[in-house]
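**Q** So that you have it, the file is final09.csv, and it contains CSV, C-alpha atoms:
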```csv
chain,number,residue,atom,x,y,z
G,1,MET,CA,39.4,93.5,49.7
G,2,THR,CA,40.6,95.2,46.6
G,3,THR,CA,43.4,97.7,47.1
G,4,GLY,CA,42.3,100.4,44.8
G,5,PHE,CA,45.9,100.8,43.6
G,6,GLY,CA,48.8,98.7,42.2
G,7,TYR,CA,47.5,98.0,38.7
G,8,GLU,CA,47.9,99.5,35.2
G,9,ASP,CA,45.5,98.1,32.6
G,10,GLY,CA,44.9,95.0,34.7
G,11,LEU,CA,48.6,94.2,35.3
G,12,PRO,CA,50.1,94.4,38.8
G,13,ASP,CA,52.9,96.9,39.4
G,14,ASP,CA,55.7,97.3,42.0
G,15,ARG,CA,53.3,99.0,44.4
G,16,LEU,CA,51.2,95.9,44.7
G,17,ALA,CA,54.2,93.7,45.4
G,18,ASP,CA,55.4,96.2,48.0
G,19,HIS,CA,51.9,96.1,49.6
G,20,PHE,CA,52.0,92.3,49.9
G,21,SER,CA,55.5,92.4,51.2
G,22,VAL,CA,54.0,94.1,54.3
G,23,ILE,CA,50.7,92.3,54.8
G,24,ALA,CA,52.0,88.8,54.0
G,25,ALA,CA,54.3,88.8,57.1
G,26,ASP,CA,53.2,86.5,59.9
G,27,VAL,CA,50.1,85.2,58.2
G,28,GLY,CA,49.2,81.8,56.7
G,29,LEU,CA,47.4,82.9,53.6
G,30,ALA,CA,47.5,86.2,51.7
G,31,THR,CA,44.7,86.8,49.1
G,32,VAL,CA,44.9,89.0,46.0
G,33,ALA,CA,41.4,90.3,45.1
G,34,PHE,CA,39.3,90.7,42.8
G,35,GLY,CA,40.6,88.9,39.7
G,36,ALA,CA,38.1,89.6,36.9
G,37,VAL,CA,37.7,86.6,34.7
G,38,SER,CA,36.4,88.5,31.6
G,39,PRO,CA,36.2,92.1,30.6
G,40,GLU,CA,32.4,92.6,31.2
G,41,GLY,CA,32.8,91.2,34.7
G,42,ARG,CA,35.1,93.9,36.1
G,43,VAL,CA,33.8,95.5,39.3
G,44,GLU,CA,36.6,98.1,39.5
G,45,ARG,CA,39.5,99.4,37.4
G,46,LYS,CA,42.4,98.6,39.8
G,47,ILE,CA,42.1,94.8,39.8
G,48,PRO,CA,43.8,91.9,37.9
G,49,TRP,CA,42.5,91.3,34.4
G,50,MET,CA,43.0,87.5,34.1
G,51,TRP,CA,42.7,87.5,30.3
G,52,ALA,CA,45.4,90.2,29.8
G,53,SER,CA,48.7,89.4,28.1
G,54,GLY,CA,51.4,89.4,30.6
G,55,VAL,CA,49.2,89.0,33.7
G,56,VAL,CA,50.8,85.7,34.6
G,57,GLU,CA,54.3,87.1,34.6
G,58,ARG,CA,53.3,90.2,36.7
G,59,LEU,CA,51.3,88.1,39.2
G,60,SER,CA,54.3,85.8,39.6
G,61,CYS,CA,56.2,88.7,41.1
G,62,VAL,CA,53.4,89.1,43.7
G,63,THR,CA,53.3,85.3,44.6
G,64,GLU,CA,57.1,85.4,44.9
G,65,VAL,CA,56.9,88.1,47.5
G,66,ILE,CA,54.1,86.3,49.4
G,67,HIS,CA,56.0,83.0,49.4
G,68,ARG,CA,59.2,84.8,50.5
G,69,HIS,CA,57.4,85.5,53.8
G,70,GLY,CA,56.4,81.9,54.3
G,71,ALA,CA,52.7,82.4,53.5
G,72,LEU,CA,50.6,80.7,50.9
G,73,ALA,CA,49.3,82.8,48.0
G,74,SER,CA,45.6,83.0,47.0
G,75,LEU,CA,43.9,84.7,44.1
G,76,GLN,CA,40.2,85.6,44.3
G,77,LEU,CA,38.4,85.1,41.0
G,78,GLY,CA,35.0,86.7,40.2
G,79,HIS,CA,32.6,88.2,37.8
G,80,GLY,CA,30.4,91.1,38.8
G,81,GLY,CA,27.4,90.2,36.6
G,82,ARG,CA,24.6,92.7,37.1
G,83,GLN,CA,26.6,94.5,39.8
G,84,VAL,CA,29.1,96.2,37.4
G,85,SER,CA,29.1,99.8,36.3
G,86,PRO,CA,29.2,100.5,32.5
G,87,LYS,CA,31.6,103.4,33.4
G,88,VAL,CA,34.1,100.7,34.3
G,89,THR,CA,33.4,98.1,31.7
G,90,ARG,CA,32.3,100.3,28.8
G,91,THR,CA,29.6,97.8,28.1
G,92,ALA,CA,26.1,96.9,29.4
G,93,PRO,CA,26.0,94.6,32.4
G,94,VAL,CA,24.9,91.0,32.1
G,95,GLY,CA,23.2,88.6,34.5
G,96,PRO,CA,21.2,85.4,34.9
G,97,SER,CA,18.0,87.4,34.2
G,98,ALA,CA,17.1,90.9,33.1
G,99,ILE,CA,16.5,92.1,36.7
G,100,ALA,CA,18.4,95.2,38.0
G,101,PRO,CA,20.1,95.2,41.4
G,102,PRO,CA,18.3,97.2,44.1
G,103,VAL,CA,20.9,100.0,44.6
G,104,HIS,CA,24.2,101.5,43.3
G,105,VAL,CA,23.9,100.1,39.8
G,106,SER,CA,20.7,101.1,38.1
G,107,ASP,CA,21.2,99.5,34.7
G,108,THR,CA,19.1,96.5,33.9
G,109,PRO,CA,21.4,93.7,32.8
G,110,ARG,CA,21.1,91.8,29.6
G,111,GLU,CA,20.1,88.1,30.2
G,112,LEU,CA,22.9,85.8,29.4
G,113,SER,CA,22.2,83.0,26.9
G,114,THR,CA,23.0,79.5,27.9
G,115,ALA,CA,26.0,79.5,25.6
G,116,GLU,CA,27.3,82.8,27.1
G,117,ALA,CA,26.9,81.4,30.6
G,118,GLU,CA,28.9,78.4,29.6
G,119,LYS,CA,31.6,80.7,28.1
G,120,ILE,CA,31.9,82.5,31.4
G,121,VAL,CA,32.3,79.2,33.2
G,122,GLU,CA,35.3,78.5,30.9
G,123,ALA,CA,36.6,82.0,31.6
G,124,PHE,CA,36.7,81.1,35.3
G,125,VAL,CA,38.5,77.9,34.5
G,126,ASP,CA,41.1,79.6,32.2
G,127,ALA,CA,41.7,82.2,34.9
G,128,ALA,CA,42.3,79.4,37.5
G,129,VAL,CA,44.8,77.8,35.1
G,130,ARG,CA,46.6,81.2,34.8
G,131,ALA,CA,46.6,81.6,38.6
G,132,ALA,CA,48.3,78.2,39.0
G,133,ASP,CA,50.8,79.2,36.3
G,134,ALA,CA,51.5,82.4,38.3
G,135,GLY,CA,52.4,80.4,41.4
G,136,PHE,CA,49.2,80.7,43.4
G,137,ASP,CA,48.6,77.9,45.8
G,138,VAL,CA,44.9,78.6,46.2
G,139,VAL,CA,42.1,80.2,44.2
G,140,GLU,CA,39.0,81.6,45.8
G,141,LEU,CA,35.8,81.7,43.7
G,142,HIS,CA,33.8,84.7,44.7
G,143,GLY,CA,30.3,83.3,45.0
G,144,GLY,CA,29.0,85.9,47.5
G,145,HIS,CA,28.2,89.6,47.8
G,146,GLY,CA,25.7,89.6,45.0
G,147,TYR,CA,28.2,88.8,42.2
G,148,LEU,CA,27.5,86.5,39.3
G,149,ILE,CA,27.8,83.1,41.0
G,150,GLN,CA,25.5,84.3,43.8
G,151,GLN,CA,23.1,85.9,41.3
G,152,PHE,CA,22.6,82.4,39.8
G,153,LEU,CA,21.9,81.0,43.3
G,154,SER,CA,19.3,83.6,44.3
G,155,ALA,CA,15.7,83.2,43.2
G,156,GLN,CA,15.4,87.0,43.3
G,157,SER,CA,18.0,87.4,40.5
G,158,ASN,CA,17.7,84.1,38.6
G,159,GLN,CA,14.4,83.4,36.9
G,160,ARG,CA,15.8,81.4,34.1
G,161,THR,CA,14.1,78.3,32.6
G,162,ASP,CA,17.2,76.7,31.1
G,163,ARG,CA,19.6,74.3,32.9
G,164,PHE,CA,21.1,77.2,34.8
G,165,GLY,CA,17.8,78.1,36.4
G,166,GLY,CA,14.9,76.5,38.2
G,167,ALA,CA,12.6,76.7,41.2
G,168,GLY,CA,15.0,74.8,43.5
G,169,LEU,CA,18.3,75.9,45.0
G,170,ARG,CA,20.1,72.8,43.6
G,171,GLU,CA,19.0,73.7,40.1
G,172,ARG,CA,20.1,77.3,40.5
G,173,ALA,CA,23.4,76.1,41.9
G,174,THR,CA,24.2,74.5,38.6
G,175,PHE,CA,26.4,77.4,37.4
G,176,GLY,CA,28.6,77.4,40.5
G,177,ARG,CA,28.7,73.6,40.7
G,178,GLU,CA,29.9,73.2,37.1
G,179,LEU,CA,32.4,75.9,37.6
G,180,ILE,CA,33.9,74.1,40.6
G,181,THR,CA,33.9,70.8,38.9
G,182,ARG,CA,35.7,72.2,35.8
G,183,VAL,CA,38.3,74.0,37.8
G,184,LYS,CA,39.2,70.8,39.7
G,185,GLU,CA,39.4,68.9,36.5
G,186,ARG,CA,41.8,71.4,34.8
G,187,VAL,CA,44.0,72.2,37.8
G,188,PRO,CA,43.6,69.3,40.4
G,189,GLY,CA,46.6,70.4,42.3
G,190,LEU,CA,45.2,73.8,43.1
G,191,SER,CA,43.3,74.3,46.3
G,192,LEU,CA,39.9,75.7,45.7
G,193,LEU,CA,38.0,77.9,48.2
G,194,VAL,CA,34.5,79.3,47.5
G,195,ARG,CA,33.2,82.4,49.1
G,196,ILE,CA,29.4,82.2,49.7
G,197,ASN,CA,26.8,84.4,51.4
G,198,GLY,CA,25.7,83.2,54.8
G,199,ASP,CA,22.9,85.7,54.5
G,200,ASP,CA,22.0,88.1,51.7
G,201,LEU,CA,20.5,90.5,54.2
G,202,VAL,CA,17.7,91.6,51.8
G,203,PRO,CA,14.1,90.5,51.7
G,204,GLY,CA,13.7,87.4,49.7
G,205,GLY,CA,17.4,86.7,49.7
G,206,MET,CA,19.4,83.7,50.8
G,207,ARG,CA,19.4,82.8,54.5
G,208,PRO,CA,21.8,80.8,56.6
G,209,ASP,CA,19.9,77.5,56.0
G,210,ASP,CA,20.1,78.2,52.3
G,211,ALA,CA,23.9,78.8,52.6
G,212,ALA,CA,24.2,75.5,54.4
G,213,ALA,CA,22.5,73.7,51.5
G,214,VAL,CA,24.8,75.6,49.0
G,215,GLY,CA,27.8,74.7,51.0
G,216,GLN,CA,26.9,71.0,50.8
G,217,ILE,CA,26.4,71.2,47.0
G,218,PHE,CA,29.7,73.0,46.4
G,219,ALA,CA,31.6,70.7,48.7
G,220,GLU,CA,30.2,67.7,46.8
G,221,ALA,CA,31.3,69.4,43.6
G,222,GLY,CA,34.9,69.5,44.9
G,223,ALA,CA,35.4,72.7,46.9
G,224,ASP,CA,38.2,72.3,49.4
G,225,GLY,CA,36.8,74.9,51.7
G,226,LEU,CA,34.2,77.6,52.1
G,227,ILE,CA,34.4,81.2,53.2
G,228,VAL,CA,31.1,82.5,54.6
G,229,SER,CA,30.4,86.2,54.2
G,230,GLY,CA,27.2,88.1,53.7
G,231,GLY,CA,25.3,90.9,52.0
G,232,VAL,CA,24.7,92.1,48.5
G,233,TYR,CA,24.8,95.6,46.9
G,234,GLY,CA,21.3,96.1,48.6
G,235,SER,CA,22.9,95.7,52.0
G,236,VAL,CA,26.4,97.2,51.6
G,237,PRO,CA,26.6,98.6,55.1
G,238,TRP,CA,26.7,95.1,56.5
G,239,THR,CA,28.9,93.6,53.8
G,240,ILE,CA,31.9,95.7,54.6
G,241,PRO,CA,32.5,96.1,58.4
G,242,VAL,CA,34.3,99.2,59.5
G,243,LEU,CA,36.6,99.7,62.4
G,244,ASP,CA,34.0,100.8,64.9
G,245,ASP,CA,31.6,98.0,64.2
G,246,PRO,CA,31.5,95.3,66.8
G,247,GLU,CA,32.8,91.9,65.7
G,248,PRO,CA,32.1,89.2,64.6
G,249,ALA,CA,29.8,90.0,61.7
G,250,PHE,CA,29.0,86.6,60.1
G,251,LEU,CA,30.1,84.1,62.6
G,252,HIS,CA,26.6,82.8,63.2
G,253,ALA,CA,26.1,82.0,59.5
G,254,ALA,CA,29.5,80.3,59.3
G,255,GLU,CA,28.5,78.1,62.2
G,256,VAL,CA,25.3,77.1,60.5
G,257,VAL,CA,27.3,76.2,57.3
G,258,LYS,CA,30.0,74.4,59.3
G,259,ARG,CA,27.4,72.0,60.8
G,260,ALA,CA,26.3,71.0,57.3
G,261,VAL,CA,29.7,70.2,55.7
G,262,ALA,CA,32.9,68.3,56.4
G,263,VAL,CA,35.3,70.8,54.6
G,264,PRO,CA,37.0,73.6,56.4
G,265,VAL,CA,34.8,76.8,56.8
G,266,VAL,CA,36.3,80.3,57.2
G,267,ALA,CA,34.4,83.0,59.1
G,268,VAL,CA,34.9,86.6,58.0
G,269,GLY,CA,33.6,90.0,58.9
G,270,GLY,CA,35.9,92.4,60.7
G,271,PHE,CA,37.7,90.0,63.0
G,272,ARG,CA,40.3,91.8,65.0
G,273,ASP,CA,40.3,89.4,68.0
G,274,PRO,CA,39.9,85.8,67.0
G,275,PRO,CA,38.5,84.7,70.4
G,276,ALA,CA,35.6,87.3,70.1
G,277,ARG,CA,32.9,84.6,70.0
G,278,SER,CA,31.2,86.0,73.1
G,279,LEU,CA,30.6,89.5,71.8
G,280,PRO,CA,27.0,90.6,71.2
G,281,PRO,CA,25.5,90.4,67.7
G,282,ARG,CA,26.6,93.1,65.3
G,283,ARG,CA,24.6,96.2,64.8
G,284,LEU,CA,24.8,98.8,62.0
G,285,SER,CA,27.2,101.5,63.0
G,286,PRO,CA,26.0,105.1,63.2
G,287,ARG,CA,28.8,106.1,60.8
G,288,TRP,CA,27.4,103.9,58.1
G,289,ARG,CA,23.9,105.3,58.7
G,290,ARG,CA,25.3,108.8,58.1
G,291,ARG,CA,26.9,107.6,54.9
G,292,THR,CA,23.9,106.0,53.3
G,293,ARG,CA,21.5,108.2,51.4
G,294,ARG,CA,18.4,107.1,53.3
G,295,PRO,CA,17.9,105.3,56.6
G,296,TRP,CA,18.6,101.6,56.3
G,297,THR,CA,17.0,99.0,58.5
G,298,PRO,CA,18.5,95.5,58.5
G,299,PRO,CA,16.1,92.5,58.1
G,300,SER,CA,14.6,91.4,61.4
G,301,ALA,CA,16.4,88.0,61.1
G,302,ALA,CA,19.8,89.5,60.5
G,303,VAL,CA,23.0,87.5,60.9
G,304,GLY,CA,24.0,87.1,64.6
G,305,ARG,CA,20.5,87.4,65.9
```
Mind turning this structure into structure tokens?
**A**
Amino acid sequence: MTTGFGYEDGLPDDRLADHFSVIAADVGLATVAFGAVSPEGRVERKIPWMWASGVVERLSCVTEVIHRHGALASLQLGHGGRQVSPKVTRTAPVGPSAIAPPVHVSDTPRELSTAEAEKIVEAFVDAAVRAADAGFDVVELHGGHGYLIQQFLSAQSNQRTDRFGGAGLRERATFGRELITRVKERVPGLSLLVRINGDDLVPGGMRPDDAAAVGQIFAEAGADGLIVSGGVYGSVPWTIPVLDDPEPAFLHAAEVVKRAVAVPVVAVGGFRDPPARSLPPRRLSPRWRRRTRRPWTPPSAAVGR
């Protein structure tokens, strides 16, 4: 998750390095999130700006700290698409189609032209090159949680008729597939993980079987591994597990994806005890119900059912 601190104008400061000097101890992989690949894709203010002058040098200080503890360093790369606030970006949001997200961000995005979508693909690639230059061993493309890569995947948010759209999931996966292929071409020595949604947890969204199909497509394109999460801005209470939520949140979806691919699959969602496979399916915590503006009922076929 993003830290909410440790950056000034998109450049890491000493506080971020201090943070990773603590959390990188006794782990195999430490991930810096959410590296925005272009200005209009920023989801928060306190995150890496991968286009900024000096970002490679400043991120190098963070990877040095992580490596000092014996861990590998990973950088998450993403673009918020329609799920960005103009208060953060100072510009109107963009997306695959001019369809507003269900909650949190009310602005209707401007539909990206084919050329603009291709430019964002190259922005991801350039960001991956900079990540490698900064000493990261791994990049994680954020293709879940309703951000831009996932927006292209979903029929609910992608109603395009160009080569980045289509009625089938394989056609809508073109944006993510080309992005993966281009990153592997430019930085073949960099390990590439892709975070996908195992379940969008909204009506009409992606389901675990869809995620399995996406996992196959992305693995064929060159992804070295998949991280299976879930939820979009319309299902935020499930996307971010809190401490009193039972674990595991998205294990069932990860298992469905794992059966379909040969690459490693990472399950996420509030794991505090790795052997917790026998725990009951996760239910929405009362605390989250109090924090939402209106009662929120998860879909009947929620993850873990």
**Q** From the list G:Gly230, G:Gly222, G:Pro241, G:Pro96, which residue is nearest G:Ala155 when using all atoms listed in the file?
**A**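 Among the listed residues, G:Pro96 lies closest to G:Ala155.
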**Q** What is the atom CA of G:Phe136 to atom CA of G:Phe164 distance in Å?
**A**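 Between these atoms lies a distance of 29.6 Å.
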**Q** With distances taken over only C-alpha atoms, which of G:Val228, G:Ala127, G:Ala173, G:Leu179 is nearest to G:Asn197?
**A** G:Val228
**Q** Under the rule that all atoms listed in the file are counted, which of G:Asp200, G:Glu44, G:Asp133, G:Glu220 is the nearest residue to G:Gly146?
**A** G:Asp200
**Q** Atom CA of G:Gly143 and atom CA of G:Ile196, how far apart in Å?
**A**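 It comes out at 4.9 Å.
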